[in-house]
file data_22.txt (compact mmCIF, C-alpha atoms and all ligand atoms)
# COMPACT_ATOMS: atom_id res chain seq x y z
CA MET A 1406 83.77 62.76 125.40
CA ARG A 1407 85.42 60.00 123.42
CA PRO A 1408 88.56 58.66 125.21
CA ALA A 1409 91.87 59.41 123.44
CA PRO A 1410 93.23 56.33 121.61
CA ASN A 1411 95.91 54.51 123.55
CA PRO A 1412 99.11 54.66 121.44
CA ALA A 1413 100.06 51.24 122.80
CA HIS A 1414 97.06 49.79 120.91
CA ALA A 1415 97.69 51.59 117.59
CA ALA A 1416 98.69 49.37 114.69
CA ALA A 1417 102.43 49.47 113.87
CA PRO A 1418 103.16 51.15 110.51
CA TYR A 1419 104.49 48.95 107.71
CA ALA A 1420 106.38 51.85 106.07
CA ARG A 1421 106.67 55.63 106.32
CA PHE A 1422 107.20 58.44 103.82
CA GLN A 1423 107.55 62.19 104.01
CA THR A 1424 106.71 64.52 101.16
CA GLY A 1425 107.18 68.15 100.32
CA ARG A 1426 110.04 70.41 101.08
CA PRO A 1427 109.98 73.79 102.75
CA VAL A 1428 109.35 76.66 100.34
CA THR A 1429 110.97 80.03 100.92
CA THR A 1430 108.86 82.99 99.89
CA GLU A 1431 110.66 86.22 99.03
CA VAL A 1432 108.84 89.42 99.92
CA VAL A 1433 109.88 92.51 97.98
CA VAL A 1434 108.69 95.99 98.96
CA GLN A 1435 109.32 98.27 95.99
CA ARG A 1436 107.54 101.36 94.76
CA GLY A 1437 106.86 101.40 91.03
CA ALA A 1438 106.95 97.60 90.73
CA VAL A 1439 103.44 97.49 89.27
CA ARG A 1440 104.41 100.02 86.58
CA ASP A 1441 107.56 98.06 85.78
CA PRO A 1442 107.09 94.45 86.90
CA VAL A 1443 109.76 92.61 84.88
CA ARG A 1444 112.59 92.80 87.41
CA ALA A 1445 110.30 92.64 90.42
CA LEU A 1446 108.88 89.27 89.34
CA ALA A 1447 112.42 87.85 89.03
CA GLN A 1448 111.42 84.81 86.99
CA GLY A 1449 113.99 82.12 86.36
CA PRO A 1450 114.98 81.17 82.77
CA GLU A 1451 112.64 78.15 82.60
CA ALA A 1452 109.56 80.06 83.77
CA ARG A 1453 110.38 82.91 81.35
CA ARG A 1454 109.93 80.49 78.42
CA SER A 1455 106.57 79.15 79.69
CA PRO A 1456 103.20 80.88 79.47
CA LEU A 1457 102.59 83.34 82.29
CA PHE A 1458 99.07 83.99 83.57
CA VAL A 1459 98.11 87.31 85.15
CA LEU A 1460 94.88 87.13 87.14
CA THR A 1461 93.08 90.22 88.27
CA ASP A 1462 89.58 91.58 88.89
CA ARG A 1463 87.59 94.12 86.89
CA THR A 1464 88.56 97.22 88.87
CA VAL A 1465 92.27 96.45 89.14
CA GLY A 1466 92.19 95.23 85.56
CA ALA A 1467 90.96 98.61 84.35
CA LEU A 1468 93.44 100.53 86.51
CA TYR A 1469 96.68 98.55 86.26
CA ALA A 1470 96.54 95.25 84.38
CA HIS A 1471 96.97 96.33 80.77
CA PRO A 1472 100.28 98.26 81.12
CA PHE A 1473 101.45 95.53 83.55
CA VAL A 1474 100.84 92.82 80.97
CA GLU A 1475 102.23 94.88 78.09
CA ARG A 1476 105.55 95.44 79.93
CA LEU A 1477 105.85 91.69 80.50
CA ARG A 1478 105.00 90.92 76.87
CA ALA A 1479 107.56 93.47 75.71
CA SER A 1480 110.19 91.48 77.59
CA GLY A 1481 109.46 88.49 75.37
CA ARG A 1482 107.09 86.47 77.52
CA THR A 1483 103.81 84.86 76.49
CA VAL A 1484 101.31 86.41 78.86
CA HIS A 1485 97.59 85.65 79.26
CA LEU A 1486 95.35 88.02 81.17
CA LEU A 1487 92.31 86.60 82.98
CA ILE A 1488 89.78 88.81 84.69
CA MET A 1489 87.42 87.73 87.48
CA PRO A 1490 84.54 89.70 88.98
CA ASP A 1491 85.27 92.04 91.89
CA GLY A 1492 84.69 90.97 95.43
CA GLU A 1493 83.92 87.98 97.55
CA GLN A 1494 81.63 86.37 94.93
CA ALA A 1495 84.78 85.47 92.94
CA LYS A 1496 85.97 83.24 95.81
CA SER A 1497 83.53 80.53 94.76
CA LEU A 1498 83.95 77.03 93.37
CA THR A 1499 82.01 78.18 90.29
CA HIS A 1500 84.50 80.92 89.41
CA TYR A 1501 87.41 78.68 90.31
CA THR A 1502 86.20 76.02 87.84
CA ARG A 1503 85.71 78.63 85.11
CA LEU A 1504 89.24 79.88 85.59
CA VAL A 1505 90.68 76.34 85.58
CA ASP A 1506 89.03 75.78 82.19
CA ALA A 1507 90.19 79.13 80.83
CA ILE A 1508 93.81 78.45 81.84
CA LEU A 1509 93.86 74.89 80.49
CA GLN A 1510 92.30 76.06 77.23
CA ARG A 1511 95.04 78.65 76.70
CA GLY A 1512 97.77 76.13 77.51
CA ILE A 1513 99.90 75.82 80.63
CA ASP A 1514 102.98 73.77 81.50
CA GLU A 1515 104.69 72.79 84.74
CA ALA A 1516 107.04 75.78 84.63
CA SER A 1517 104.20 78.28 84.14
CA GLU A 1518 103.53 80.82 86.83
CA LEU A 1519 100.31 82.50 87.93
CA VAL A 1520 100.54 86.14 89.03
CA ALA A 1521 97.80 87.53 91.26
CA LEU A 1522 97.42 91.26 90.64
CA GLY A 1523 94.74 92.47 93.03
CA GLY A 1524 93.38 92.38 96.54
CA GLY A 1525 92.98 89.48 98.93
CA VAL A 1526 90.27 87.88 96.81
CA VAL A 1527 92.42 87.74 93.67
CA CYS A 1528 95.38 86.47 95.75
CA ASN A 1529 93.27 83.71 97.37
CA VAL A 1530 91.64 82.53 94.13
CA THR A 1531 94.92 82.61 92.20
CA GLY A 1532 96.59 80.78 95.08
CA MET A 1533 94.00 78.00 94.88
CA LEU A 1534 94.49 77.75 91.11
CA ALA A 1535 98.28 77.59 91.48
CA ALA A 1536 98.01 74.98 94.24
CA THR A 1537 95.82 72.68 92.17
CA LEU A 1538 96.64 73.08 88.46
CA TYR A 1539 99.08 70.33 87.51
CA ARG A 1540 99.25 69.68 91.31
CA GLY A 1541 101.07 72.95 91.76
CA VAL A 1542 102.60 75.64 89.55
CA GLY A 1543 104.49 78.82 90.41
CA LEU A 1544 102.65 81.58 92.25
CA VAL A 1545 103.50 85.27 92.61
CA HIS A 1546 101.35 87.71 94.56
CA VAL A 1547 101.25 91.38 93.60
CA PRO A 1548 98.81 92.71 96.22
CA THR A 1549 97.01 95.98 95.50
CA THR A 1550 94.97 96.59 98.67
CA LEU A 1551 96.33 97.39 102.12
CA MET A 1552 94.50 94.28 103.37
CA ALA A 1553 96.46 92.13 100.93
CA GLN A 1554 99.81 93.94 101.35
CA ALA A 1555 99.71 93.65 105.13
CA ASP A 1556 98.06 90.26 105.36
CA ALA A 1557 96.36 88.24 102.63
CA ALA A 1558 99.33 88.05 100.24
CA ILE A 1559 101.92 87.51 102.99
CA SER A 1560 100.57 84.06 103.47
CA HIS A 1561 100.55 80.46 102.31
CA LYS A 1562 96.83 80.19 103.07
CA GLN A 1563 94.75 80.01 99.92
CA ALA A 1564 91.00 79.63 100.06
CA LEU A 1565 87.58 79.68 98.46
CA ASN A 1566 84.28 80.09 100.27
CA GLY A 1567 81.93 77.11 100.51
CA ASP A 1568 78.15 77.23 100.74
CA HIS A 1569 78.43 77.19 104.54
CA GLY A 1570 80.97 79.88 105.31
CA LYS A 1571 84.21 81.72 104.61
CA ASN A 1572 87.42 80.03 103.48
CA LEU A 1573 86.08 76.49 103.94
CA VAL A 1574 87.87 75.07 100.89
CA GLY A 1575 91.54 75.79 100.86
CA ALA A 1576 95.17 74.77 100.81
CA TYR A 1577 98.46 75.75 102.33
CA TYR A 1578 100.43 76.76 99.24
CA ALA A 1579 103.19 79.35 99.40
CA PRO A 1580 103.89 81.96 96.73
CA ARG A 1581 107.42 82.04 95.32
CA ARG A 1582 107.44 85.82 95.62
CA VAL A 1583 105.29 88.63 96.95
CA VAL A 1584 105.78 92.07 95.41
CA VAL A 1585 104.42 94.94 97.49
CA ASP A 1586 104.10 98.34 95.81
CA VAL A 1587 102.31 100.86 98.05
CA GLU A 1588 102.00 103.35 95.17
CA VAL A 1589 98.88 101.53 93.95
CA LEU A 1590 97.10 102.26 97.23
CA GLY A 1591 96.68 105.83 95.95
CA THR A 1592 93.59 104.69 94.03
CA LEU A 1593 92.11 102.67 96.90
CA HIS A 1594 89.01 104.04 98.62
CA GLN A 1595 89.57 105.42 102.13
CA ARG A 1596 87.20 102.84 103.63
CA ARG A 1597 89.43 100.10 102.20
CA ILE A 1598 92.57 101.69 103.66
CA ARG A 1599 90.95 101.72 107.11
CA ASP A 1600 89.83 98.16 106.52
CA GLY A 1601 93.44 97.08 105.88
CA TYR A 1602 94.55 98.82 109.06
CA ALA A 1603 92.43 96.32 111.04
CA GLU A 1604 94.95 93.55 110.34
CA ILE A 1605 97.85 95.81 111.32
CA ILE A 1606 96.01 96.66 114.54
CA LYS A 1607 95.59 92.91 115.13
CA HIS A 1608 99.37 92.46 115.22
CA GLY A 1609 99.67 95.38 117.62
CA LEU A 1610 97.01 94.14 120.03
CA ALA A 1611 98.02 90.48 120.01
CA GLN A 1612 101.74 90.59 119.36
CA ASP A 1613 103.53 93.93 119.68
CA PRO A 1614 102.43 96.72 122.05
CA SER A 1615 104.92 99.16 120.52
CA LEU A 1616 103.08 98.82 117.20
CA THR A 1617 99.83 99.75 118.96
CA GLU A 1618 101.58 102.83 120.39
CA ALA A 1619 102.79 103.80 116.90
CA LEU A 1620 99.28 103.30 115.51
CA LEU A 1621 97.81 105.54 118.20
CA ASP A 1622 100.52 108.18 117.63
CA HIS A 1623 99.60 108.45 113.95
CA VAL A 1624 97.30 111.39 113.37
CA GLY A 1625 96.73 112.75 109.90
CA ASP A 1626 96.12 111.53 106.38
CA VAL A 1627 95.02 107.89 106.31
CA HIS A 1628 96.41 107.72 102.75
CA ASP A 1629 99.93 108.86 103.77
CA LEU A 1630 102.08 106.37 101.81
CA GLU A 1631 105.19 106.94 103.95
CA VAL A 1632 103.27 105.94 107.08
CA ILE A 1633 101.51 103.08 105.32
CA GLU A 1634 104.76 101.66 103.97
CA ALA A 1635 106.39 101.79 107.40
CA MET A 1636 103.36 100.05 108.96
CA VAL A 1637 103.27 97.44 106.18
CA ARG A 1638 106.99 96.65 106.61
CA ARG A 1639 106.56 96.28 110.35
CA THR A 1640 103.52 94.03 109.97
CA ILE A 1641 105.32 91.87 107.40
CA ASP A 1642 108.20 91.42 109.90
CA LEU A 1643 105.80 90.42 112.65
CA LYS A 1644 103.76 88.10 110.43
CA CYS A 1645 106.80 86.37 108.87
CA ALA A 1646 108.18 85.69 112.36
CA MET A 1647 104.87 84.08 113.38
CA MET A 1648 104.61 81.96 110.23
CA ALA A 1649 108.16 80.67 110.66
CA GLN A 1650 107.38 79.70 114.27
CA ASP A 1651 103.94 78.11 113.77
CA PRO A 1652 102.92 77.85 110.09
CA THR A 1653 99.57 76.14 110.66
CA GLU A 1654 98.53 78.58 113.41
CA ARG A 1655 97.86 76.17 116.22
CA ARG A 1656 99.85 77.82 119.06
CA ALA A 1657 101.75 81.16 118.91
CA GLY A 1658 100.53 81.57 115.33
CA MET A 1659 96.99 81.97 116.70
CA VAL A 1660 97.94 85.67 116.73
CA LEU A 1661 97.06 85.63 113.04
CA GLN A 1662 93.61 84.27 113.89
CA TYR A 1663 92.89 86.96 116.45
CA GLY A 1664 89.39 88.39 115.88
CA HIS A 1665 88.85 86.09 112.91
CA ALA A 1666 86.51 83.39 114.28
CA ILE A 1667 83.84 85.89 115.29
CA GLY A 1668 84.89 88.20 112.44
CA HIS A 1669 84.28 85.54 109.79
CA ALA A 1670 80.93 84.65 111.37
CA VAL A 1671 79.87 88.31 111.37
CA GLU A 1672 81.17 88.90 107.82
CA TRP A 1673 79.38 85.83 106.45
CA GLN A 1674 76.13 86.06 108.41
CA SER A 1675 75.72 89.77 107.61
CA GLY A 1676 75.95 88.94 103.89
CA PHE A 1677 79.22 90.92 103.65
CA GLU A 1678 77.66 94.15 104.93
CA LEU A 1679 81.02 94.58 106.63
CA LEU A 1680 84.33 94.31 104.78
CA HIS A 1681 86.78 91.66 105.98
CA GLY A 1682 88.90 93.99 108.12
CA GLU A 1683 85.82 95.70 109.55
CA ALA A 1684 84.43 92.32 110.58
CA VAL A 1685 87.79 91.40 112.15
CA ALA A 1686 87.69 94.70 114.07
CA VAL A 1687 84.29 93.71 115.49
CA GLY A 1688 85.65 90.21 116.17
CA MET A 1689 88.61 91.60 118.13
CA ARG A 1690 86.37 93.91 120.16
CA VAL A 1691 84.03 91.02 121.04
CA ALA A 1692 87.04 88.81 121.87
CA ALA A 1693 88.32 91.49 124.27
CA ARG A 1694 84.96 91.45 126.07
CA ILE A 1695 85.04 87.64 126.22
CA ALA A 1696 88.58 87.59 127.62
CA ARG A 1697 87.56 90.02 130.35
CA ALA A 1698 84.39 88.06 131.16
CA MET A 1699 86.44 84.85 131.49
CA GLY A 1700 88.92 86.55 133.81
CA LEU A 1701 91.74 86.05 131.30
CA ALA A 1702 92.48 89.69 130.43
CA ASP A 1703 93.70 92.60 132.49
CA ALA A 1704 91.56 95.72 132.78
CA ALA A 1705 93.52 97.65 130.13
CA VAL A 1706 92.64 95.31 127.28
CA GLU A 1707 89.03 96.28 126.50
CA PRO A 1708 89.54 100.07 126.58
CA LEU A 1709 92.71 99.73 124.49
CA HIS A 1710 90.79 97.83 121.80
CA GLN A 1711 88.08 100.48 121.77
CA ARG A 1712 90.62 103.31 121.58
CA VAL A 1713 92.74 101.99 118.71
CA LEU A 1714 89.75 100.79 116.64
CA ASP A 1715 87.99 104.15 117.14
CA HIS A 1716 91.21 105.92 116.15
CA TYR A 1717 91.04 104.25 112.72
CA GLY A 1718 87.27 104.64 112.35
CA LEU A 1719 86.69 100.89 112.48
CA PRO A 1720 83.43 99.37 113.77
CA THR A 1721 83.31 97.92 117.27
CA HIS A 1722 79.69 96.76 117.33
CA VAL A 1723 78.07 93.67 115.88
CA PRO A 1724 75.65 94.85 113.15
CA HIS A 1725 72.09 95.15 114.43
CA CYS A 1726 70.89 92.64 111.82
CA LEU A 1727 72.73 89.87 113.72
CA ASP A 1728 71.82 88.52 117.13
CA ALA A 1729 73.84 86.13 119.29
CA ASP A 1730 72.21 83.04 117.72
CA ALA A 1731 73.20 84.17 114.23
CA VAL A 1732 76.81 84.69 115.29
CA LEU A 1733 76.89 81.31 117.06
CA ALA A 1734 75.47 79.68 113.91
CA GLY A 1735 78.27 81.30 111.88
CA LEU A 1736 80.85 79.97 114.35
CA ARG A 1737 79.80 76.36 113.73
CA HIS A 1738 82.03 76.24 110.66
CA ASP A 1739 85.03 77.96 112.20
CA LYS A 1740 88.10 75.85 111.47
CA ARG A 1741 89.42 75.99 115.04
CA ALA A 1742 86.11 74.82 116.52
CA ARG A 1743 85.72 71.19 117.64
CA LEU A 1744 82.41 69.43 117.06
CA VAL A 1745 82.57 68.14 120.65
CA ASP A 1746 84.07 71.10 122.52
CA GLY A 1747 82.66 74.04 120.51
CA SER A 1748 84.38 77.34 119.76
CA ARG A 1749 88.06 77.85 120.51
CA LEU A 1750 89.20 81.45 120.23
CA ALA A 1751 92.42 83.42 120.41
CA LEU A 1752 92.10 85.92 123.28
CA VAL A 1753 94.41 88.73 124.37
CA ALA A 1754 95.54 88.58 128.02
CA HIS A 1755 97.39 91.88 128.07
CA PRO A 1756 98.55 94.27 125.34
CA GLY A 1757 100.73 92.34 122.90
CA ALA A 1758 100.23 88.87 124.40
CA LEU A 1759 97.71 86.09 123.83
CA ALA A 1760 96.12 84.32 126.78
CA MET A 1761 97.25 80.71 127.22
CA VAL A 1762 95.20 78.00 128.94
CA ASP A 1763 96.86 74.60 129.51
CA GLY A 1764 99.61 75.67 127.11
CA GLU A 1765 97.08 76.36 124.33
CA ALA A 1766 96.29 79.67 122.59
CA ALA A 1767 93.06 78.27 121.08
CA ILE A 1768 90.87 78.62 124.16
CA PRO A 1769 87.52 76.84 124.48
CA VAL A 1770 84.81 79.44 125.08
CA PRO A 1771 81.27 78.44 126.16
CA ASP A 1772 78.48 79.59 123.85
CA ALA A 1773 76.84 81.48 126.73
CA VAL A 1774 79.93 83.68 127.14
CA ILE A 1775 80.04 84.42 123.41
CA ALA A 1776 76.30 85.19 123.42
CA GLU A 1777 76.68 87.62 126.35
CA ALA A 1778 79.55 89.49 124.63
CA VAL A 1779 77.73 89.67 121.28
CA THR A 1780 74.52 90.90 122.91
CA ARG A 1781 76.38 93.53 124.92
CA LEU A 1782 78.23 94.77 121.82
CA ARG A 1783 75.32 94.59 119.37
CA ALA A 1784 74.64 97.92 117.63
CA PRO A 1785 71.43 99.43 119.02
CA GLY A 1786 69.94 100.04 115.56
CA ALA A 1787 70.88 100.16 111.86
CA ARG A 1788 73.56 102.81 111.52
CA GLY A 1789 75.24 102.00 108.21
CA THR A 1790 78.98 101.58 107.89
CA GLN A 1791 80.30 105.07 108.59
CA TRP A 1792 82.39 105.52 111.73
CA ALA A 1793 84.16 108.61 113.01
CA SER A 1794 87.92 108.40 113.15
CA ARG A 1795 90.94 110.44 114.20
CA VAL A 1796 93.18 109.37 111.32
N1 LIG B 1 95.05 84.22 103.03
C1 LIG B 1 95.02 85.00 104.05
O1 LIG B 1 95.80 84.78 104.95
C2 LIG B 1 94.07 86.16 104.11
C3 LIG B 1 94.31 87.18 105.03
C4 LIG B 1 93.46 88.30 105.04
C5 LIG B 1 92.38 88.37 104.15
N2 LIG B 1 92.17 87.34 103.30
C6 LIG B 1 91.03 87.41 102.36
O2 LIG B 1 91.16 88.57 101.55
C7 LIG B 1 89.88 88.98 101.11
C8 LIG B 1 89.73 90.48 101.29
O3 LIG B 1 90.72 91.12 100.54
P1 LIG B 1 90.60 92.66 100.14
O4 LIG B 1 90.14 93.42 101.32
O5 LIG B 1 91.86 93.03 99.49
O6 LIG B 1 89.35 92.68 99.16
P2 LIG B 1 89.21 92.52 97.56
O7 LIG B 1 90.25 91.67 97.02
O8 LIG B 1 87.79 92.15 97.36
O9 LIG B 1 89.45 94.00 97.02
C9 LIG B 1 88.57 95.00 97.41
C10 LIG B 1 88.14 95.90 96.25
O10 LIG B 1 89.18 96.84 96.01
C11 LIG B 1 89.47 96.89 94.62
N3 LIG B 1 90.88 97.24 94.48
C12 LIG B 1 91.94 96.43 94.71
N4 LIG B 1 93.07 97.14 94.58
C13 LIG B 1 92.74 98.39 94.26
C14 LIG B 1 93.47 99.59 94.01
N5 LIG B 1 94.80 99.63 94.13
N6 LIG B 1 92.79 100.71 93.71
C15 LIG B 1 91.43 100.69 93.64
N7 LIG B 1 90.68 99.62 93.87
C16 LIG B 1 91.33 98.47 94.18
C17 LIG B 1 89.09 95.53 94.10
O11 LIG B 1 88.82 95.55 92.74
C18 LIG B 1 87.86 95.19 94.95
O12 LIG B 1 86.73 95.75 94.33
C19 LIG B 1 88.87 88.22 101.94
O13 LIG B 1 88.28 87.23 101.15
C20 LIG B 1 89.70 87.60 103.03
O14 LIG B 1 89.17 86.38 103.49
C21 LIG B 1 92.99 86.27 103.25

call {"tool": "encode", "arguments": {"input": "data_22.txt", "output": "structure tokens"}}
result
Amino acid sequence: MRPAPNPAHAAAPYARFQTGRPVTTEVVVQRGAVRDPVRALAQGPEARRSPLFVLTDRTVGALYAHPFVERLRASGRTVHLLIMPDGEQAKSLTHYTRLVDAILQRGIDEASELVALGGGVVCNVTGMLAATLYRGVGLVHVPTTLMAQADAAISHKQALNGDHGKNLVGAYYAPRRVVVDVEVLGTLHQRRIRDGYAEIIKHGLAQDPSLTEALLDHVGDVHDLEVIEAMVRRTIDLKCAMMAQDPTERRAGMVLQYGHAIGHAVEWQSGFELLHGEAVAVGMRVAARIARAMGLADAAVEPLHQRVLDHYGLPTHVPHCLDADAVLAGLRHDKRARLVDGSRLALVAHPGALAMVDGEAAIPVPDAVIAEAVTRLRAPGARGTQWASRV
């Protein structure tokens, strides 16, 4: 290992400067906001005079974008609608460049705002565009999946995928406002609702045991909007508290990374056979096994993971198409990994609390331990993506 530089030998700075100021993001939870977005967007007078860009994907475009845009136009704004393809393929540098050109061609100014109307993909791509066009223009997220309402939109992390893995090109860039309207989840496929629950479960397992209890108590319709809204509000509270404490997710904020290192590797290496939340569910289950194997977790942790993930019909096995080597290869590009020390994972010590080693929540885990956990939890054979659930 390279020795740490001795601060006594570092060159003295000639000058210093600090840039940027903290941005406050307002999160609004309001039913009907997508049908009537004018008040929910709460644009200031300057932004109201500048062109507004609504970005969406094909499915959400067909379901919600046209009345959304028409209401805004009727209020006197100049509104451009841009539509990207559905799904992860839109999170590419190619689509990003196309959208940059399309926006510049239509005409934008510094007071313009970009509105993401869609799931996590639309929010991430629009976030990257807002962060980079004119070195930063206004951003509003209007998330339309449970994944985005509970997680992706409640975030200042914007990202595109590189050729080597998920979210490798990105920026911290906060939206001015996030408008959550659970009504639109009525048109979301059940598998996608379950998928969004994975991120809510993450907060329960790693941060708040009473949320896990509430999740286990819920039996009934997975589409129940009353229940979903209550869960979304609770998750937003928990996530906002974490972001305020540790915005770049190095210490306590590692809660937000729970299950994601292995989850991203599984999602990417399986060619997106699993949805994001499904892959995170697998990542959490593998992390629970690792924590137990390393002697960092109490005996309740693994069965609790299994129980709550089963309850929501989420996968708990690594797809058969991936072996330990494939998962380890996917982990090479994890952002918390160190080229010298290898993978560093968030692990749960007991329900609602991360394990800490030497004051750190990003814990170095030897490849052999990861390989053992992946092999033990690898699905015995191809079994598709249907799982039984109690909700
Ligand atoms: N920035 C972050 O902190 C963060 C957090 C979590 C996830 N993410 C990212 O979010 C992405 C996943 O987001 P996602 O799960 O929302 O997927 P997605 O954006 O691909 O949306 C999933 C599908 O659902 C459709 N859809 C969206 N809203 C709908 C509605 N109301 N009714 C019917 N269909 C609808 C979309 O058209 C799409 O086909 C991943 O790329 C992930 O990396 C980012």

call {"tool": "closest_residue", "arguments": {"input": "data_22.txt", "among": "A:Ala1557, A:Met1648, A:Ala1579, A:Leu1733", "to": "ligand LIG 1 (chain B)", "atoms": "only C-alpha atoms and all ligand atoms"}}
result
A:Ala1557

call {"tool": "residues_near_ligand", "arguments": {"input": "data_22.txt", "ligand": "ligand LIG 1 (chain B)", "cutoff": "6 Å", "atoms": "only C-alpha atoms and all ligand atoms", "output": "list in words"}}
result
Asp1462, Thr1464, Val1465, Asp1491, Gly1492, Glu1493, Gly1523, Gly1524, Gly1525, Val1526, Val1527, Asn1529, Thr1549, Thr1550, Met1552, Ala1553, Asp1556, Ala1557, Ser1560, Lys1562, Gln1563, Val1589, Leu1590, Thr1592, Leu1593 and His1681 of chain A

call {"tool": "closest_residue", "arguments": {"input": "data_22.txt", "among": "A:Pro1456, A:Gly1575, A:Gly1700, A:Gly1625", "to": "Leu1752 of chain A", "atoms": "all atoms listed in the file"}}
result
A:Gly1700

call {"tool": "residues_around", "arguments": {"input": "data_22.txt", "residues": "segment 1470-1483 of chain A", "least_positions_apart": "4", "cutoff": "12 Å", "atoms": "only C-alpha atoms", "output": "PyMOL selection string"}}
result
chain A and resi 1437-1448+1450-1466+1487-1488+1511-1513+1517-1518+1520-1523+1547+1549+1589

call {"tool": "residues_around", "arguments": {"input": "data_22.txt", "residues": "Ile1768 of chain A", "least_positions_apart": "4", "cutoff": "8 Å", "atoms": "all atoms listed in the file", "output": "VMD selection string"}}
result
chain A and resid 1748 to 1752 1761 to 1762

call {"tool": "closest_residue", "arguments": {"input": "data_22.txt", "among": "A:Val1434, A:Leu1534, A:Ile1508, A:Ala1666", "to": "Ile1633 of chain A", "atoms": "all atoms listed in the file"}}
result
A:Val1434
